>>> print(open('coords.pdb').read())   # PDB, C-alpha atoms
ATOM      1  CA  MET A   1      13.588 -47.272  -6.369
ATOM      2  CA  LYS A   2      14.915 -50.653  -5.283
ATOM      3  CA  THR A   3      13.603 -53.773  -7.014
ATOM      4  CA  ARG A   4      14.369 -57.498  -6.880
ATOM      5  CA  ARG A   5      14.341 -59.987  -9.757
ATOM      6  CA  HIS A   6      14.320 -63.760  -9.704
ATOM      7  CA  ILE A   7      16.133 -64.932 -12.851
ATOM      8  CA  TYR A   8      16.794 -68.253 -14.586
ATOM      9  CA  VAL A   9      19.660 -68.108 -17.091
ATOM     10  CA  SER A  10      20.018 -70.695 -19.874
ATOM     11  CA  GLY A  11      22.874 -71.292 -22.300
ATOM     12  CA  ARG A  12      26.543 -72.022 -21.716
ATOM     13  CA  VAL A  13      26.482 -70.777 -18.133
ATOM     14  CA  GLN A  14      28.082 -73.572 -16.101
ATOM     15  CA  GLY A  15      31.786 -74.369 -16.102
ATOM     16  CA  VAL A  16      32.650 -70.936 -17.514
ATOM     17  CA  GLY A  17      33.025 -68.824 -14.350
ATOM     18  CA  PHE A  18      29.483 -67.455 -14.491
ATOM     19  CA  ARG A  19      28.891 -67.361 -10.724
ATOM     20  CA  TYR A  20      32.279 -65.754 -10.012
ATOM     21  CA  ARG A  21      31.754 -63.114 -12.693
ATOM     22  CA  ALA A  22      28.172 -62.464 -11.581
ATOM     23  CA  THR A  23      29.399 -61.883  -8.029
ATOM     24  CA  TYR A  24      32.187 -59.564  -9.173
ATOM     25  CA  ILE A  25      29.856 -57.514 -11.397
ATOM     26  CA  ALA A  26      27.115 -57.345  -8.748
ATOM     27  CA  ASP A  27      29.605 -56.172  -6.121
ATOM     28  CA  SER A  28      30.953 -53.493  -8.474
ATOM     29  CA  LEU A  29      27.407 -52.159  -8.981
ATOM     30  CA  GLY A  30      26.355 -52.369  -5.330
ATOM     31  CA  LEU A  31      23.752 -55.072  -5.991
ATOM     32  CA  THR A  32      22.725 -57.754  -3.509
ATOM     33  CA  GLY A  33      21.321 -61.249  -3.930
ATOM     34  CA  TRP A  34      22.625 -64.676  -4.796
ATOM     35  CA  VAL A  35      23.491 -67.011  -7.668
ATOM     36  CA  LYS A  36      23.643 -70.810  -7.934
ATOM     37  CA  ASN A  37      23.979 -73.594 -10.492
ATOM     38  CA  LEU A  38      21.002 -75.854 -11.119
ATOM     39  CA  TRP A  39      21.105 -79.572 -11.869
ATOM     40  CA  ASP A  40      19.614 -78.998 -15.345
ATOM     41  CA  GLY A  41      22.491 -76.794 -16.584
ATOM     42  CA  ARG A  42      20.823 -73.443 -15.936
ATOM     43  CA  VAL A  43      21.822 -70.832 -13.370
ATOM     44  CA  GLU A  44      19.324 -69.359 -10.917
ATOM     45  CA  MET A  45      19.761 -66.014  -9.212
ATOM     46  CA  GLU A  46      18.028 -63.248  -7.348
ATOM     47  CA  VAL A  47      19.365 -59.746  -7.882
ATOM     48  CA  GLN A  48      18.342 -56.655  -5.930
ATOM     49  CA  GLY A  49      19.069 -52.975  -6.496
ATOM     50  CA  GLU A  50      18.068 -50.119  -8.746
ATOM     51  CA  ALA A  51      16.349 -51.386 -11.919
ATOM     52  CA  HIS A  52      18.828 -49.697 -14.267
ATOM     53  CA  GLU A  53      21.765 -51.207 -12.319
ATOM     54  CA  ILE A  54      20.251 -54.689 -12.680
ATOM     55  CA  ASP A  55      19.952 -54.057 -16.422
ATOM     56  CA  VAL A  56      23.640 -53.041 -16.534
ATOM     57  CA  PHE A  57      24.505 -56.200 -14.561
ATOM     58  CA  LEU A  58      22.708 -58.430 -17.081
ATOM     59  CA  SER A  59      24.230 -56.559 -20.016
ATOM     60  CA  ARG A  60      27.736 -57.046 -18.622
ATOM     61  CA  LEU A  61      27.112 -60.767 -18.091
ATOM     62  CA  HIS A  62      26.121 -61.061 -21.764
ATOM     63  CA  CYS A  63      29.513 -59.598 -22.767
ATOM     64  CA  GLN A  64      31.691 -61.965 -20.730
ATOM     65  CA  GLN A  65      34.115 -64.276 -22.503
ATOM     66  CA  PHE A  66      33.013 -67.954 -22.664
ATOM     67  CA  ILE A  67      29.524 -67.188 -21.305
ATOM     68  CA  VAL A  68      26.709 -67.641 -23.834
ATOM     69  CA  ILE A  69      23.266 -66.625 -22.563
ATOM     70  CA  THR A  70      20.475 -67.935 -24.760
ATOM     71  CA  GLU A  71      17.487 -67.214 -22.517
ATOM     72  CA  LEU A  72      16.604 -65.160 -19.435
ATOM     73  CA  GLU A  73      13.407 -65.863 -17.500
ATOM     74  CA  GLN A  74      12.779 -62.943 -15.146
ATOM     75  CA  GLU A  75      10.157 -62.216 -12.530
ATOM     76  CA  THR A  76       9.927 -59.241 -10.171
ATOM     77  CA  ILE A  77       9.643 -60.361  -6.557
ATOM     78  CA  PRO A  78       9.453 -58.557  -3.184
ATOM     79  CA  VAL A  79      12.538 -56.668  -1.993
ATOM     80  CA  ARG A  80      14.470 -58.152   0.961
ATOM     81  CA  GLU A  81      15.695 -55.525   3.396
ATOM     82  CA  ASP A  82      17.871 -57.960   5.386
ATOM     83  CA  GLU A  83      20.406 -58.522   2.611
ATOM     84  CA  ASN A  84      23.728 -56.664   2.355
ATOM     85  CA  ARG A  85      25.797 -58.491  -0.292
ATOM     86  CA  PHE A  86      25.739 -60.747  -3.355
ATOM     87  CA  ARG A  87      26.872 -64.325  -2.791
ATOM     88  CA  VAL A  88      27.263 -67.725  -4.419
ATOM     89  CA  ARG A  89      24.925 -70.441  -3.122
ATOM     90  CA  GLY A  90      25.467 -74.197  -3.380
ATOM     91  CA  TYR A  91      23.196 -76.549  -5.320
TER      92      TYR A  91
END
>>> encode(input="coords.pdb", output="structure tokens")
Amino acid sequence: MKTRRHIYVSGRVQGVGFRYRATYIADSLGLTGWVKNLWDGRVEMEVQGEAHEIDVFLSRLHCQQFIVITELEQETIPVREDENRFRVRGY
């Protein structure tokens, strides 16, 4: 069953290719949503797909070189049916 999570990621997540890698991993898993940098050094994203695929996505992000995730704040939110890809958003 499809689910959607709103996630704030803290740690060394800006200036290390986080958004590019998140997009690549999401595309490889067939996930949709978006990712963007925040002014306070965190990254914000919404990720939609099968729950186990989202877990794989987050696990793969944890294993990326130069990225250090120290905290994930996650909340389940309503699914969006009008979305067909994962993209990078501006500030």
>>> closest_residue(input="coords.pdb", among="A:Phe66, A:Phe57, A:Trp34, A:Trp39", to="A:Phe18", atoms="all atoms listed in the file")
A:Phe66
>>> atom_distance(input="coords.pdb", atom1="atom CA of A:Asn84", atom2="atom CA of A:Gly41")
27.7 Å
>>> closest_residue(input="coords.pdb", among="A:Arg19, A:Glu44, A:Thr3, A:Arg85", to="A:Leu31", atoms="only C-alpha atoms")
A:Arg85
>>> atom_distance(input="coords.pdb", atom1="atom CA of A:Asn37", atom2="atom CA of A:Met1")
28.6 Å
>>> closest_residue(input="coords.pdb", among="A:Arg4, A:Arg89, A:Arg80, A:Arg60", to="A:Ala22", atoms="all atoms listed in the file")
A:Arg60
>>> resolve_selection(input="coords.pdb", expression="the PyMOL selection byres ((chain A and resi 32) around 8)", output="VMD selection string")
chain A and resid 26 to 27 30 to 31 33 to 34 47 to 49 83 to 87
>>> resolve_selection(input="coords.pdb", expression="the PyMOL selection byres ((chain A and resi 8) around 7)", output="count of residues only")
10
>>> closest_residue(input="coords.pdb", among="A:Asp40, A:Pro78, A:Asp55, A:Val88", to="A:Gly17", atoms="only C-alpha atoms")
A:Val88
>>> build_atoms(input="coords.pdb", residues="stretch 69-80 of chain A", atoms="all heavy atoms", output="PDB file, in the coordinates of the input")
ATOM      1  N   ILE A  69      24.620 -66.641 -23.116  1.00  0.00           N
ATOM      2  CA  ILE A  69      23.266 -66.625 -22.563  1.00  0.00           C
ATOM      3  C   ILE A  69      22.281 -66.709 -23.714  1.00  0.00           C
ATOM      4  O   ILE A  69      22.270 -65.855 -24.595  1.00  0.00           O
ATOM      5  CB  ILE A  69      23.028 -65.354 -21.734  1.00  0.00           C
ATOM      6  CG1 ILE A  69      23.981 -65.327 -20.527  1.00  0.00           C
ATOM      7  CG2 ILE A  69      21.572 -65.260 -21.286  1.00  0.00           C
ATOM      8  CD1 ILE A  69      23.971 -64.035 -19.747  1.00  0.00           C
ATOM      9  N   THR A  70      21.461 -67.757 -23.699  1.00  0.00           N
ATOM     10  CA  THR A  70      20.475 -67.935 -24.760  1.00  0.00           C
ATOM     11  C   THR A  70      19.065 -67.549 -24.317  1.00  0.00           C
ATOM     12  O   THR A  70      18.225 -67.249 -25.151  1.00  0.00           O
ATOM     13  CB  THR A  70      20.455 -69.391 -25.259  1.00  0.00           C
ATOM     14  OG1 THR A  70      20.174 -70.262 -24.165  1.00  0.00           O
ATOM     15  CG2 THR A  70      21.785 -69.764 -25.899  1.00  0.00           C
ATOM     16  N   GLU A  71      18.825 -67.564 -23.006  1.00  0.00           N
ATOM     17  CA  GLU A  71      17.487 -67.214 -22.517  1.00  0.00           C
ATOM     18  C   GLU A  71      17.562 -66.719 -21.083  1.00  0.00           C
ATOM     19  O   GLU A  71      18.311 -67.250 -20.266  1.00  0.00           O
ATOM     20  CB  GLU A  71      16.564 -68.429 -22.581  1.00  0.00           C
ATOM     21  CG  GLU A  71      15.133 -68.134 -22.203  1.00  0.00           C
ATOM     22  CD  GLU A  71      14.221 -69.337 -22.334  1.00  0.00           C
ATOM     23  OE1 GLU A  71      14.664 -70.402 -22.785  1.00  0.00           O
ATOM     24  OE2 GLU A  71      13.044 -69.199 -21.971  1.00  0.00           O
ATOM     25  N   LEU A  72      16.774 -65.687 -20.785  1.00  0.00           N
ATOM     26  CA  LEU A  72      16.604 -65.160 -19.435  1.00  0.00           C
ATOM     27  C   LEU A  72      15.124 -65.206 -19.094  1.00  0.00           C
ATOM     28  O   LEU A  72      14.305 -64.648 -19.819  1.00  0.00           O
ATOM     29  CB  LEU A  72      17.066 -63.709 -19.342  1.00  0.00           C
ATOM     30  CG  LEU A  72      18.547 -63.404 -19.384  1.00  0.00           C
ATOM     31  CD1 LEU A  72      18.752 -61.896 -19.441  1.00  0.00           C
ATOM     32  CD2 LEU A  72      19.267 -63.986 -18.201  1.00  0.00           C
ATOM     33  N   GLU A  73      14.778 -65.884 -18.019  1.00  0.00           N
ATOM     34  CA  GLU A  73      13.407 -65.863 -17.500  1.00  0.00           C
ATOM     35  C   GLU A  73      13.444 -65.012 -16.241  1.00  0.00           C
ATOM     36  O   GLU A  73      14.126 -65.362 -15.286  1.00  0.00           O
ATOM     37  CB  GLU A  73      12.941 -67.274 -17.151  1.00  0.00           C
ATOM     38  CG  GLU A  73      12.909 -68.231 -18.320  1.00  0.00           C
ATOM     39  CD  GLU A  73      12.628 -69.651 -17.862  1.00  0.00           C
ATOM     40  OE1 GLU A  73      11.648 -69.843 -17.094  1.00  0.00           O
ATOM     41  OE2 GLU A  73      13.388 -70.546 -18.237  1.00  0.00           O
ATOM     42  N   GLN A  74      12.717 -63.884 -16.258  1.00  0.00           N
ATOM     43  CA  GLN A  74      12.779 -62.943 -15.146  1.00  0.00           C
ATOM     44  C   GLN A  74      11.395 -62.705 -14.553  1.00  0.00           C
ATOM     45  O   GLN A  74      10.408 -62.643 -15.279  1.00  0.00           O
ATOM     46  CB  GLN A  74      13.313 -61.590 -15.605  1.00  0.00           C
ATOM     47  CG  GLN A  74      14.699 -61.629 -16.182  1.00  0.00           C
ATOM     48  CD  GLN A  74      15.187 -60.242 -16.522  1.00  0.00           C
ATOM     49  OE1 GLN A  74      15.255 -59.369 -15.657  1.00  0.00           O
ATOM     50  NE2 GLN A  74      15.526 -60.030 -17.775  1.00  0.00           N
ATOM     51  N   GLU A  75      11.396 -62.538 -13.240  1.00  0.00           N
ATOM     52  CA  GLU A  75      10.157 -62.216 -12.530  1.00  0.00           C
ATOM     53  C   GLU A  75      10.510 -61.235 -11.414  1.00  0.00           C
ATOM     54  O   GLU A  75      11.506 -61.430 -10.704  1.00  0.00           O
ATOM     55  CB  GLU A  75       9.569 -63.496 -11.932  1.00  0.00           C
ATOM     56  CG  GLU A  75       8.379 -63.284 -11.049  1.00  0.00           C
ATOM     57  CD  GLU A  75       7.930 -64.572 -10.359  1.00  0.00           C
ATOM     58  OE1 GLU A  75       8.689 -65.549 -10.312  1.00  0.00           O
ATOM     59  OE2 GLU A  75       6.805 -64.566  -9.854  1.00  0.00           O
ATOM     60  N   THR A  76       9.728 -60.184 -11.266  1.00  0.00           N
ATOM     61  CA  THR A  76       9.927 -59.241 -10.171  1.00  0.00           C
ATOM     62  C   THR A  76       9.312 -59.836  -8.910  1.00  0.00           C
ATOM     63  O   THR A  76       8.182 -60.323  -8.934  1.00  0.00           O
ATOM     64  CB  THR A  76       9.285 -57.886 -10.494  1.00  0.00           C
ATOM     65  OG1 THR A  76       9.885 -57.375 -11.696  1.00  0.00           O
ATOM     66  CG2 THR A  76       9.494 -56.888  -9.365  1.00  0.00           C
ATOM     67  N   ILE A  77      10.089 -59.804  -7.836  1.00  0.00           N
ATOM     68  CA  ILE A  77       9.643 -60.361  -6.557  1.00  0.00           C
ATOM     69  C   ILE A  77       9.855 -59.312  -5.468  1.00  0.00           C
ATOM     70  O   ILE A  77      10.527 -58.302  -5.686  1.00  0.00           O
ATOM     71  CB  ILE A  77      10.390 -61.677  -6.228  1.00  0.00           C
ATOM     72  CG1 ILE A  77      11.904 -61.463  -6.168  1.00  0.00           C
ATOM     73  CG2 ILE A  77      10.037 -62.767  -7.237  1.00  0.00           C
ATOM     74  CD1 ILE A  77      12.692 -62.691  -5.732  1.00  0.00           C
ATOM     75  N   PRO A  78       9.307 -59.548  -4.252  1.00  0.00           N
ATOM     76  CA  PRO A  78       9.453 -58.557  -3.184  1.00  0.00           C
ATOM     77  C   PRO A  78      10.911 -58.320  -2.778  1.00  0.00           C
ATOM     78  O   PRO A  78      11.727 -59.242  -2.738  1.00  0.00           O
ATOM     79  CB  PRO A  78       8.665 -59.161  -2.020  1.00  0.00           C
ATOM     80  CG  PRO A  78       7.682 -60.082  -2.678  1.00  0.00           C
ATOM     81  CD  PRO A  78       8.392 -60.632  -3.872  1.00  0.00           C
ATOM     82  N   VAL A  79      11.211 -57.074  -2.453  1.00  0.00           N
ATOM     83  CA  VAL A  79      12.538 -56.668  -1.993  1.00  0.00           C
ATOM     84  C   VAL A  79      12.788 -57.264  -0.605  1.00  0.00           C
ATOM     85  O   VAL A  79      11.880 -57.351   0.212  1.00  0.00           O
ATOM     86  CB  VAL A  79      12.625 -55.118  -1.941  1.00  0.00           C
ATOM     87  CG1 VAL A  79      13.870 -54.644  -1.236  1.00  0.00           C
ATOM     88  CG2 VAL A  79      12.541 -54.550  -3.347  1.00  0.00           C
ATOM     89  N   ARG A  80      14.041 -57.664  -0.362  1.00  0.00           N
ATOM     90  CA  ARG A  80      14.470 -58.152   0.961  1.00  0.00           C
ATOM     91  C   ARG A  80      15.357 -57.102   1.597  1.00  0.00           C
ATOM     92  O   ARG A  80      16.424 -56.787   1.085  1.00  0.00           O
ATOM     93  CB  ARG A  80      15.239 -59.464   0.830  1.00  0.00           C
ATOM     94  CG  ARG A  80      14.365 -60.623   0.426  1.00  0.00           C
ATOM     95  CD  ARG A  80      15.122 -61.912   0.460  1.00  0.00           C
ATOM     96  NE  ARG A  80      15.804 -62.070   1.750  1.00  0.00           N
ATOM     97  CZ  ARG A  80      16.608 -63.071   2.029  1.00  0.00           C
ATOM     98  NH1 ARG A  80      16.875 -63.988   1.127  1.00  0.00           N
ATOM     99  NH2 ARG A  80      17.192 -63.162   3.203  1.00  0.00           N
TER     100      ARG A  80
END
